[in-house]
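To be precise, the following lines are input_36.txt, and they hold compact mmCIF, C-alpha atoms.
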# COMPACT_ATOMS: atom_id res chain seq x y z
CA MET A 1 -13.29 31.82 -38.58
CA TYR A 2 -16.64 31.17 -40.16
CA MET A 3 -20.21 31.91 -39.30
CA LYS A 4 -22.80 29.24 -39.96
CA LEU A 5 -25.69 31.72 -40.12
CA LEU A 6 -24.11 33.70 -42.94
CA GLU A 7 -23.09 30.58 -44.89
CA GLU A 8 -26.63 29.24 -44.70
CA ARG A 9 -28.02 32.56 -45.85
CA ILE A 10 -25.63 32.66 -48.81
CA ARG A 11 -26.64 29.12 -49.78
CA ARG A 12 -30.33 30.04 -49.55
CA ASP A 13 -30.40 33.55 -51.03
CA GLY A 14 -27.10 33.99 -52.89
CA VAL A 15 -27.12 33.70 -56.67
CA VAL A 16 -24.07 32.61 -58.65
CA GLU A 17 -23.72 34.06 -62.13
CA ASP A 18 -21.00 33.30 -64.69
CA GLY A 19 -18.91 31.41 -62.12
CA GLN A 20 -17.32 34.61 -60.78
CA VAL A 21 -20.20 36.82 -59.66
CA LEU A 22 -21.89 36.02 -56.36
CA LYS A 23 -25.00 38.13 -55.97
CA VAL A 24 -26.06 38.70 -52.38
CA ASP A 25 -28.31 41.67 -53.00
CA ARG A 26 -31.28 40.08 -51.26
CA PHE A 27 -29.72 40.50 -47.81
CA LEU A 28 -26.29 42.14 -47.93
CA ASN A 29 -25.72 44.93 -50.43
CA HIS A 30 -28.97 46.22 -51.92
CA GLN A 31 -31.65 44.93 -49.61
CA MET A 32 -29.98 44.65 -46.20
CA ASP A 33 -30.98 42.30 -43.37
CA VAL A 34 -29.96 44.31 -40.31
CA GLY A 35 -30.77 41.41 -37.97
CA LEU A 36 -28.10 39.41 -39.78
CA PHE A 37 -25.77 42.42 -39.53
CA GLU A 38 -26.27 42.40 -35.74
CA GLU A 39 -25.11 38.78 -35.56
CA MET A 40 -22.12 39.57 -37.76
CA GLY A 41 -21.25 42.53 -35.53
CA LYS A 42 -21.37 40.28 -32.45
CA GLU A 43 -19.02 37.81 -34.12
CA TRP A 44 -16.49 40.51 -34.96
CA ALA A 45 -16.84 41.87 -31.43
CA ARG A 46 -15.90 38.39 -30.16
CA LEU A 47 -12.91 38.30 -32.50
CA PHE A 48 -11.64 41.88 -32.14
CA GLY A 49 -13.22 42.92 -28.84
CA ALA A 50 -9.93 42.90 -26.91
CA GLU A 51 -8.22 45.25 -29.37
CA ASN A 52 -9.67 48.53 -28.03
CA VAL A 53 -10.92 49.60 -31.44
CA THR A 54 -11.49 53.38 -31.58
CA LYS A 55 -12.70 53.72 -35.18
CA ILE A 56 -14.31 51.49 -37.78
CA LEU A 57 -13.38 52.40 -41.35
CA THR A 58 -15.35 51.26 -44.38
CA ILE A 59 -15.87 52.36 -47.96
CA GLU A 60 -19.04 53.54 -49.63
CA ALA A 61 -21.57 52.35 -50.36
CA SER A 62 -22.37 48.78 -49.45
CA GLY A 63 -19.99 48.53 -46.46
CA ILE A 64 -21.67 51.37 -44.59
CA GLY A 65 -24.67 49.53 -43.19
CA ILE A 66 -22.67 46.56 -41.94
CA ALA A 67 -20.09 48.89 -40.42
CA CYS A 68 -22.67 51.00 -38.57
CA VAL A 69 -24.51 48.06 -37.04
CA THR A 70 -21.14 46.52 -36.08
CA ALA A 71 -19.98 49.79 -34.49
CA GLU A 72 -22.84 49.52 -32.00
CA GLN A 73 -20.98 46.51 -30.58
CA PHE A 74 -17.71 48.42 -30.35
CA ASN A 75 -19.16 51.73 -29.10
CA CYS A 76 -17.05 53.64 -31.59
CA PRO A 77 -17.73 55.86 -34.60
CA VAL A 78 -17.68 54.72 -38.22
CA ILE A 79 -15.85 56.60 -40.96
CA PHE A 80 -16.65 55.83 -44.54
CA ALA A 81 -14.09 56.52 -47.24
CA LYS A 82 -15.73 58.56 -49.98
CA LYS A 83 -15.35 57.71 -53.62
CA SER A 84 -14.63 61.21 -54.91
CA ARG A 85 -14.07 64.71 -53.67
CA THR A 86 -17.29 66.59 -53.08
CA ARG A 87 -17.84 70.21 -52.21
CA ASN A 88 -19.04 69.13 -48.77
CA ILE A 89 -15.76 67.62 -47.61
CA ALA A 90 -12.88 69.22 -45.78
CA GLY A 91 -9.87 70.21 -47.86
CA GLU A 92 -7.41 68.17 -45.84
CA VAL A 93 -7.83 64.55 -46.80
CA TYR A 94 -5.89 61.31 -47.16
CA SER A 95 -6.50 59.84 -50.59
CA THR A 96 -5.79 56.63 -52.46
CA GLN A 97 -6.75 54.92 -55.71
CA VAL A 98 -9.11 51.93 -55.80
CA LYS A 99 -9.80 49.85 -58.88
CA SER A 100 -13.30 48.42 -59.07
CA PHE A 101 -13.53 45.10 -60.88
CA THR A 102 -17.33 45.30 -60.70
CA HIS A 103 -17.59 48.71 -62.34
CA GLY A 104 -14.40 48.49 -64.39
CA ASN A 105 -13.02 51.86 -63.32
CA VAL A 106 -10.58 53.49 -60.89
CA SER A 107 -11.85 55.80 -58.14
CA THR A 108 -10.08 58.24 -55.90
CA VAL A 109 -11.08 57.44 -52.34
CA ILE A 110 -10.66 59.96 -49.53
CA VAL A 111 -10.90 60.31 -45.77
CA SER A 112 -10.73 63.59 -43.93
CA LYS A 113 -7.50 63.79 -41.91
CA GLN A 114 -9.36 65.01 -38.82
CA PHE A 115 -11.04 61.61 -38.38
CA LEU A 116 -8.01 59.28 -38.59
CA ARG A 117 -5.36 60.09 -35.99
CA PRO A 118 -2.08 58.38 -35.05
CA GLU A 119 -3.60 57.36 -31.71
CA ASP A 120 -6.54 55.56 -33.36
CA LYS A 121 -6.93 51.78 -33.47
CA VAL A 122 -8.80 51.04 -36.66
CA LEU A 123 -10.92 48.05 -37.65
CA LEU A 124 -11.79 47.80 -41.34
CA ILE A 125 -15.21 46.43 -42.27
CA ASP A 126 -16.45 45.58 -45.75
CA ASP A 127 -19.03 43.35 -47.38
CA PHE A 128 -16.77 41.61 -49.91
CA LEU A 129 -13.16 40.58 -50.34
CA ALA A 130 -12.22 39.27 -53.79
CA ASN A 131 -9.35 40.95 -55.59
CA GLY A 132 -8.61 43.01 -52.50
CA ALA A 133 -8.46 46.41 -54.17
CA ALA A 134 -10.92 48.15 -51.85
CA LEU A 135 -9.35 46.66 -48.72
CA GLU A 136 -5.85 47.61 -49.84
CA GLY A 137 -7.09 51.15 -50.42
CA LEU A 138 -8.43 51.30 -46.86
CA ILE A 139 -5.16 49.88 -45.49
CA ASP A 140 -3.25 52.58 -47.40
CA LEU A 141 -5.44 55.29 -45.83
CA VAL A 142 -4.78 53.93 -42.33
CA GLU A 143 -1.03 53.74 -43.00
CA GLN A 144 -0.97 57.33 -44.24
CA SER A 145 -2.63 58.47 -41.02
CA GLY A 146 -0.17 56.68 -38.73
CA ALA A 147 -3.05 54.95 -36.93
CA THR A 148 -2.80 51.32 -35.79
CA LEU A 149 -4.52 48.80 -38.04
CA VAL A 150 -6.24 46.21 -35.86
CA GLY A 151 -7.45 44.08 -38.76
CA ALA A 152 -10.30 43.62 -41.20
CA GLY A 153 -13.74 42.10 -40.78
CA ILE A 154 -15.15 40.86 -44.08
CA ALA A 155 -18.61 39.40 -44.62
CA VAL A 156 -17.97 37.29 -47.71
CA GLU A 157 -14.54 36.36 -49.01
CA LYS A 158 -14.16 34.77 -52.41
CA ALA A 159 -11.19 32.66 -51.33
CA PHE A 160 -10.50 31.51 -54.89
CA GLN A 161 -9.56 35.09 -55.80
CA PRO A 162 -6.18 36.45 -54.71
CA GLY A 163 -7.04 39.39 -52.40
CA GLY A 164 -7.30 37.59 -49.07
CA GLU A 165 -4.07 35.65 -49.44
CA ARG A 166 -2.11 38.73 -50.56
CA ILE A 167 -3.39 40.89 -47.68
CA ARG A 168 -2.83 38.22 -45.02
CA ALA A 169 0.72 37.79 -46.36
CA LYS A 170 1.33 41.44 -45.41
CA GLY A 171 0.56 40.53 -41.81
CA VAL A 172 -2.94 41.99 -41.70
CA ARG A 173 -5.43 40.00 -39.62
CA VAL A 174 -8.42 39.30 -41.89
CA GLU A 175 -11.52 37.70 -40.36
CA SER A 176 -13.98 36.67 -43.06
CA LEU A 177 -17.29 35.32 -41.78
CA ALA A 178 -17.92 33.22 -44.89
CA ARG A 179 -15.16 32.04 -47.25
CA VAL A 180 -16.29 30.73 -50.62
CA LYS A 181 -13.92 28.04 -51.89
CA ARG A 182 -15.61 27.49 -55.21
CA MET A 183 -18.98 28.18 -56.76
CA GLU A 184 -21.07 27.55 -59.82
CA PRO A 185 -24.74 28.25 -60.57
CA GLY A 186 -26.78 26.39 -57.95
CA GLN A 187 -23.80 25.29 -55.88
CA ILE A 188 -21.56 27.09 -53.39
CA GLU A 189 -18.79 25.39 -51.42
CA PHE A 190 -17.22 27.05 -48.39
CA CYS A 191 -13.67 26.64 -47.02
CA MET B 192 -41.17 67.17 -34.17
CA TYR B 193 -37.69 68.00 -33.05
CA MET B 194 -34.97 66.22 -31.17
CA LYS B 195 -32.97 68.20 -28.65
CA LEU B 196 -29.98 65.84 -28.75
CA LEU B 197 -29.50 66.30 -32.48
CA GLU B 198 -29.97 70.09 -32.33
CA GLU B 199 -27.35 70.34 -29.61
CA ARG B 200 -24.95 68.20 -31.62
CA ILE B 201 -25.45 70.34 -34.72
CA ARG B 202 -24.78 73.49 -32.67
CA ARG B 203 -21.62 71.95 -31.21
CA ASP B 204 -20.14 70.09 -34.19
CA GLY B 205 -21.88 71.49 -37.26
CA VAL B 206 -20.00 74.00 -39.42
CA VAL B 207 -21.77 76.62 -41.55
CA GLU B 208 -20.02 77.64 -44.75
CA ASP B 209 -21.15 80.30 -47.23
CA GLY B 210 -24.58 80.63 -45.58
CA GLN B 211 -26.00 77.63 -47.50
CA VAL B 212 -23.72 74.69 -46.67
CA LEU B 213 -24.12 72.99 -43.28
CA LYS B 214 -21.30 70.54 -42.74
CA VAL B 215 -22.15 67.74 -40.32
CA ASP B 216 -19.38 65.38 -41.36
CA ARG B 217 -18.07 65.00 -37.81
CA PHE B 218 -21.06 62.91 -36.74
CA LEU B 219 -23.57 62.36 -39.54
CA ASN B 220 -22.24 61.82 -43.05
CA HIS B 221 -18.51 61.10 -43.09
CA GLN B 222 -17.67 60.18 -39.53
CA MET B 223 -20.86 58.67 -38.11
CA ASP B 224 -21.90 58.59 -34.45
CA VAL B 225 -23.93 55.39 -34.28
CA GLY B 226 -24.98 56.08 -30.69
CA LEU B 227 -26.69 59.23 -31.96
CA PHE B 228 -28.21 57.18 -34.80
CA GLU B 229 -29.70 54.81 -32.20
CA GLU B 230 -31.46 57.73 -30.50
CA MET B 231 -32.70 59.01 -33.84
CA GLY B 232 -34.00 55.54 -34.68
CA LYS B 233 -35.89 55.40 -31.39
CA GLU B 234 -37.49 58.77 -32.11
CA TRP B 235 -38.67 57.66 -35.56
CA ALA B 236 -39.92 54.41 -34.01
CA ARG B 237 -41.99 56.54 -31.61
CA LEU B 238 -43.36 58.58 -34.51
CA PHE B 239 -43.93 55.81 -37.09
CA GLY B 240 -44.06 52.72 -34.89
CA ALA B 241 -47.81 52.20 -35.36
CA GLU B 242 -47.57 52.17 -39.16
CA ASN B 243 -46.41 48.54 -39.57
CA VAL B 244 -43.42 49.54 -41.69
CA THR B 245 -42.16 46.59 -43.75
CA LYS B 246 -39.25 48.27 -45.58
CA ILE B 247 -37.00 51.25 -45.00
CA LEU B 248 -35.81 52.88 -48.22
CA THR B 249 -32.82 55.23 -48.40
CA ILE B 250 -30.36 56.43 -51.00
CA GLU B 251 -26.63 55.88 -51.13
CA ALA B 252 -24.38 56.77 -49.59
CA SER B 253 -24.83 58.85 -46.46
CA GLY B 254 -28.38 57.72 -45.68
CA ILE B 255 -27.40 54.05 -45.39
CA GLY B 256 -25.93 54.08 -41.90
CA ILE B 257 -28.81 56.01 -40.36
CA ALA B 258 -31.31 53.77 -42.15
CA CYS B 259 -29.68 50.53 -40.95
CA VAL B 260 -29.47 51.55 -37.30
CA THR B 261 -33.07 52.80 -37.50
CA ALA B 262 -34.23 49.53 -39.08
CA GLU B 263 -33.13 47.69 -35.92
CA GLN B 264 -35.99 49.51 -34.17
CA PHE B 265 -38.51 48.51 -36.85
CA ASN B 266 -37.27 44.92 -37.35
CA CYS B 267 -37.43 45.34 -41.09
CA PRO B 268 -34.91 45.30 -43.95
CA VAL B 269 -33.34 48.38 -45.51
CA ILE B 270 -33.15 48.92 -49.26
CA PHE B 271 -30.79 51.52 -50.60
CA ALA B 272 -31.43 53.09 -53.98
CA LYS B 273 -28.27 52.85 -56.05
CA LYS B 274 -26.91 55.78 -57.99
CA SER B 275 -26.22 53.96 -61.23
CA ARG B 276 -26.64 50.61 -62.87
CA THR B 277 -23.89 48.17 -62.01
CA ARG B 278 -23.17 44.74 -63.36
CA ASN B 279 -24.13 43.29 -59.99
CA ILE B 280 -27.76 44.39 -60.04
CA ALA B 281 -30.81 42.58 -61.35
CA GLY B 282 -32.12 43.63 -64.74
CA GLU B 283 -35.58 44.46 -63.52
CA VAL B 284 -35.42 47.80 -61.73
CA TYR B 285 -37.47 50.90 -60.96
CA SER B 286 -35.48 53.98 -61.88
CA THR B 287 -35.73 57.73 -61.47
CA GLN B 288 -33.59 60.83 -61.96
CA VAL B 289 -32.13 62.76 -59.01
CA LYS B 290 -30.38 66.10 -59.32
CA SER B 291 -27.60 66.64 -56.79
CA PHE B 292 -27.14 70.28 -55.80
CA THR B 293 -23.99 69.29 -53.86
CA HIS B 294 -22.30 67.58 -56.79
CA GLY B 295 -23.98 69.58 -59.56
CA ASN B 296 -25.05 66.59 -61.62
CA VAL B 297 -28.03 64.32 -62.34
CA SER B 298 -27.92 60.65 -61.38
CA THR B 299 -30.08 57.75 -62.38
CA VAL B 300 -31.20 56.02 -59.18
CA ILE B 301 -32.50 52.47 -59.21
CA VAL B 302 -34.15 49.88 -56.97
CA SER B 303 -34.60 46.26 -57.90
CA LYS B 304 -38.30 45.50 -58.41
CA GLN B 305 -38.09 42.33 -56.32
CA PHE B 306 -37.54 44.40 -53.12
CA LEU B 307 -40.42 46.89 -53.40
CA ARG B 308 -43.81 45.22 -53.63
CA PRO B 309 -47.38 46.59 -53.70
CA GLU B 310 -47.99 45.09 -50.24
CA ASP B 311 -45.00 46.91 -48.66
CA LYS B 312 -45.33 49.84 -46.26
CA VAL B 313 -42.28 51.98 -46.84
CA LEU B 314 -40.57 54.50 -44.57
CA LEU B 315 -38.02 56.75 -46.26
CA ILE B 316 -34.92 57.72 -44.26
CA ASP B 317 -32.27 60.24 -45.26
CA ASP B 318 -29.71 62.46 -43.61
CA PHE B 319 -30.66 65.76 -45.27
CA LEU B 320 -33.66 67.50 -46.75
CA ALA B 321 -32.95 70.76 -48.55
CA ASN B 322 -34.12 71.10 -52.14
CA GLY B 323 -35.90 67.78 -51.85
CA ALA B 324 -34.56 66.19 -55.03
CA ALA B 325 -33.34 62.96 -53.38
CA LEU B 326 -36.53 62.53 -51.36
CA GLU B 327 -38.73 63.13 -54.40
CA GLY B 328 -36.71 60.49 -56.25
CA LEU B 329 -37.37 57.99 -53.47
CA ILE B 330 -41.08 58.90 -53.43
CA ASP B 331 -41.20 58.31 -57.20
CA LEU B 332 -39.66 54.84 -56.75
CA VAL B 333 -42.25 53.92 -54.11
CA GLU B 334 -45.09 55.18 -56.32
CA GLN B 335 -43.83 53.15 -59.28
CA SER B 336 -43.85 50.02 -57.13
CA GLY B 337 -47.41 50.49 -55.89
CA ALA B 338 -46.24 50.19 -52.27
CA THR B 339 -47.72 52.38 -49.52
CA LEU B 340 -45.61 55.37 -48.52
CA VAL B 341 -45.75 55.73 -44.74
CA GLY B 342 -43.66 58.89 -44.61
CA ALA B 343 -40.12 60.18 -44.40
CA GLY B 344 -37.73 60.46 -41.48
CA ILE B 345 -35.10 63.14 -42.06
CA ALA B 346 -32.21 63.94 -39.74
CA VAL B 347 -31.56 67.55 -40.71
CA GLU B 348 -33.97 69.72 -42.68
CA LYS B 349 -32.87 73.07 -44.03
CA ALA B 350 -36.30 74.60 -43.60
CA PHE B 351 -35.28 77.77 -45.44
CA GLN B 352 -34.95 75.74 -48.64
CA PRO B 353 -38.09 74.65 -50.52
CA GLY B 354 -37.98 70.83 -50.41
CA GLY B 355 -39.78 70.18 -47.14
CA GLU B 356 -42.68 72.50 -47.86
CA ARG B 357 -43.18 71.16 -51.37
CA ILE B 358 -43.15 67.52 -50.27
CA ARG B 359 -45.48 68.10 -47.29
CA ALA B 360 -47.87 69.91 -49.68
CA LYS B 361 -48.18 66.63 -51.60
CA GLY B 362 -49.54 65.02 -48.44
CA VAL B 363 -46.37 63.16 -47.46
CA ARG B 364 -45.71 62.96 -43.72
CA VAL B 365 -42.17 64.30 -43.19
CA GLU B 366 -40.64 64.04 -39.70
CA SER B 367 -37.40 65.99 -39.49
CA LEU B 368 -35.54 65.65 -36.21
CA ALA B 369 -33.81 69.03 -36.56
CA ARG B 370 -35.16 71.87 -38.69
CA VAL B 371 -32.75 74.71 -39.39
CA LYS B 372 -34.60 78.01 -39.75
CA ARG B 373 -31.58 80.12 -40.62
CA MET B 374 -27.85 79.87 -40.28
CA GLU B 375 -24.65 81.82 -40.71
CA PRO B 376 -21.06 81.00 -39.74
CA GLY B 377 -21.01 80.47 -35.98
CA GLN B 378 -24.78 80.66 -35.55
CA ILE B 379 -27.58 78.20 -36.25
CA GLU B 380 -31.23 78.86 -35.42
CA PHE B 381 -33.78 76.05 -35.34
CA CYS B 382 -37.53 76.23 -36.05
As structure tokens:
Amino acid sequence: MYMKLLEERIRRDGVVEDGQVLKVDRFLNHQMDVGLFEEMGKEWARLFGAENVTKILTIEASGIGIACVTAEQFNCPVIFAKKSRTRNIAGEVYSTQVKSFTHGNVSTVIVSKQFLRPEDKVLLIDDFLANGAALEGLIDLVEQSGATLVGAGIAVEKAFQPGGERIRAKGVRVESLARVKRMEPGQIEFC
Amino acid sequence: MYMKLLEERIRRDGVVEDGQVLKVDRFLNHQMDVGLFEEMGKEWARLFGAENVTKILTIEASGIGIACVTAEQFNCPVIFAKKSRTRNIAGEVYSTQVKSFTHGNVSTVIVSKQFLRPEDKVLLIDDFLANGAALEGLIDLVEQSGATLVGAGIAVEKAFQPGGERIRAKGVRVESLARVKRMEPGQIEFC
């Protein structure tokens, strides 16, 4: 699946650096165009609307806005996985490790057990899929809870990196709205 | 200003711990009730709708969802201040220091200069106001940019802590939708 509106926006406002980094901070993950998020949410609602999603799960920070606007289409709550234990979180949590290629570190990511139940049908939402570490962390949290994983809605997939292929090979339905096949400064080609 | 719906939700689903900590992670800052966020957004639109807001500014992570759903009412983008410099952010940033009483540390918080301009009219949105450190950090970022500060929309203010009073004394319009006057386990009293 692809979404022309998002591809056009990436062409117009995305910035390619060093061949591997695609900066979309003008509209996706620093400044956020919520009108665009509404259209993305409608597209995922079209794709996953028959799945009776009960919870949307994302990971802080840049997935949260997209997930919340999308959840308005699904009439369900959002849970965001938190990147470390804080004093304000319940003691009973599911946890997993996520390696960040952007920041070059490993984080412990947690979700309170009270919010992910075996009867839940969970849709994952995130802004980026590249190496797949964050998405695999979210999948692990869902599996620990015994909930049903409906699939993953991704805004931008860097299809030349291995995450998407590896996760689809596990049988997870991944719907990326824009899939970058290759890119270099000034030029972006989609699948 | 107050909002009955939010007060009732805090009474029903909020948990008071140790007299100072109000946990609202069932609906506000871990699991997020986006239907409630829509009502909060409408209330802030009623309060600030005449101010021609051009940008909503929040701080990661738990303010992002509320800010994005609120921005749908204002038809404007959201910017979230990031808690540290990452490789994916532009070099030219405004930065400030924010002390977290929850985490017991000090973070550097940044916003790319390209997203806050002198001609912008900025509404701040955050989930909590207690000691006021996060909100004062956001105010500092707006002042550095030369943009006009329209005011701040806060979901839950702990009115028995000093942040709200100090920030209002500076002349900033702060609209908290629920103001907690005092609380103890099992009992919450609003202003």
Q. Pick the closest to Leu135 in chain A from A:Ser176, A:Thr102, A:Ser84, A:Thr58: which is it, counting all atoms listed in the file?
A.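 Of A:Ser176, A:Thr102, A:Ser84, A:Thr58, the one nearest Leu135 in chain A, counting all atoms listed in the file, is A:Thr58.
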Q.
Based on only C-alpha atoms, which of the residues in chain A come within 8 Å of chain B? I want them as a ChimeraX atom specification.
A. /A:21,23,25-26,30-35,60-61,64-65,67-69,71-72,75-82,86-89,102-103,115
Q: Give me, please, the distance in Å between CA of Lys42 in chain A and CA of Gln73 in chain A, quoted to one decimal.
A: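 A separation of 6.5 Å between them.
Taking CA of Val142 in chain A and CA of Val122 in chain A as the two end points, the separation is 7.5 Å.
Taking CA of Glu143 in chain A as the reference point, CA of Thr96 in chain A is found at 11.0 Å.
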Q: Might you pull out every residue within 10 Å of Asp18 in chain A, with only C-alpha atoms counted and same-chain residues fewer than 5 positions away left off, and present them as a PyMOL selection string?
A: chain A and resi 183-185
Q: Considering all atoms listed in the file, return as a ChimeraX atom specification whatever protein or nucleic-acid residues lie within 10 Å of Asp331 in chain B, sequence-local ones (same chain, fewer than 5 positions apart) excluded.
A: /B:285-288,325-326,336
(Q) Please list as a list of chain:residue names every residue within 12 Å of Arg237 in chain B, counting all atoms listed in the file and excluding residues in the same chain fewer than 2 positions away. (A)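 Result of the neighbour search: B:Met192, B:Met194, B:Glu230, B:Met231, B:Gly232, B:Lys233, B:Glu234, B:Trp235, B:Phe239, B:Gly240, B:Ala241, B:Glu242, B:Thr261, B:Gln264, B:Phe265, B:Gly344, B:Glu366.
Restricting the calculation to all atoms listed in the file, the smallest distance between Gly151 in chain A and any of A:Val98, A:Ala169, A:Leu138, A:Leu124 is found for A:Leu124.
Comparing B:Ala369, B:Ile316, B:Ile301, B:Ile358 by their smallest distance to Ile201 in chain B, the closest is B:Ala369 (using only C-alpha atoms).
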(Q) List the spatial neighbours of Asn322 in chain B as a PyMOL selection string - criterion: any atom at most 10 Å away, all atoms listed in the file, same-chain residues fewer than 6 positions off excluded. (A) chain B and resi 290-292+348-358
Can you put N, CA, C and O atoms back into range 336-354 of chain B and show it as a compact mmCIF listing (two decimals), in the frame of the given file?
# COMPACT_ATOMS: atom_id res chain seq x y z
N SER B 336 -43.72 51.40 -57.60
CA SER B 336 -43.85 50.02 -57.13
C SER B 336 -45.27 49.69 -56.67
O SER B 336 -45.61 48.52 -56.51
N GLY B 337 -46.08 50.72 -56.43
CA GLY B 337 -47.41 50.49 -55.89
C GLY B 337 -47.43 50.25 -54.40
O GLY B 337 -48.49 49.98 -53.82
N ALA B 338 -46.28 50.35 -53.73
CA ALA B 338 -46.24 50.19 -52.27
C ALA B 338 -46.86 51.41 -51.60
O ALA B 338 -47.05 52.46 -52.22
N THR B 339 -47.18 51.27 -50.31
CA THR B 339 -47.72 52.38 -49.52
C THR B 339 -46.58 53.19 -48.92
O THR B 339 -45.68 52.62 -48.28
N LEU B 340 -46.62 54.49 -49.11
CA LEU B 340 -45.61 55.37 -48.52
C LEU B 340 -46.09 55.81 -47.14
O LEU B 340 -47.10 56.52 -47.03
N VAL B 341 -45.38 55.39 -46.11
CA VAL B 341 -45.75 55.73 -44.74
C VAL B 341 -45.32 57.16 -44.41
O VAL B 341 -46.03 57.89 -43.70
N GLY B 342 -44.17 57.56 -44.89
CA GLY B 342 -43.66 58.89 -44.61
C GLY B 342 -42.16 58.91 -44.75
O GLY B 342 -41.55 57.96 -45.25
N ALA B 343 -41.57 60.02 -44.29
CA ALA B 343 -40.12 60.18 -44.40
C ALA B 343 -39.55 60.66 -43.08
O ALA B 343 -40.07 61.59 -42.48
N GLY B 344 -38.48 60.01 -42.65
CA GLY B 344 -37.73 60.46 -41.48
C GLY B 344 -36.44 61.09 -41.95
O GLY B 344 -35.63 60.45 -42.62
N ILE B 345 -36.26 62.37 -41.61
CA ILE B 345 -35.10 63.14 -42.06
C ILE B 345 -34.32 63.56 -40.82
O ILE B 345 -34.91 63.98 -39.83
N ALA B 346 -32.99 63.46 -40.88
CA ALA B 346 -32.21 63.94 -39.74
C ALA B 346 -32.23 65.45 -39.70
O ALA B 346 -32.74 66.05 -38.75
N VAL B 347 -31.70 66.10 -40.72
CA VAL B 347 -31.56 67.55 -40.71
C VAL B 347 -32.29 68.15 -41.90
O VAL B 347 -31.97 67.85 -43.05
N GLU B 348 -33.27 69.01 -41.62
CA GLU B 348 -33.97 69.72 -42.68
C GLU B 348 -33.52 71.17 -42.70
O GLU B 348 -33.53 71.84 -41.66
N LYS B 349 -33.12 71.64 -43.86
CA LYS B 349 -32.87 73.07 -44.03
C LYS B 349 -34.20 73.70 -44.42
O LYS B 349 -34.57 73.74 -45.60
N ALA B 350 -34.91 74.19 -43.39
CA ALA B 350 -36.30 74.60 -43.60
C ALA B 350 -36.40 75.88 -44.42
O ALA B 350 -37.48 76.23 -44.90
N PHE B 351 -35.26 76.55 -44.62
CA PHE B 351 -35.28 77.77 -45.44
C PHE B 351 -35.12 77.45 -46.93
O PHE B 351 -35.16 78.33 -47.77
N GLN B 352 -34.97 76.15 -47.25
CA GLN B 352 -34.95 75.74 -48.64
C GLN B 352 -36.29 75.05 -48.94
O GLN B 352 -37.00 74.62 -48.03
N PRO B 353 -36.68 74.94 -50.21
CA PRO B 353 -38.09 74.65 -50.52
C PRO B 353 -38.53 73.19 -50.44
O PRO B 353 -39.73 72.92 -50.53
N GLY B 354 -37.60 72.24 -50.29
CA GLY B 354 -37.98 70.83 -50.41
C GLY B 354 -39.05 70.37 -49.43
O GLY B 354 -40.02 69.73 -49.82
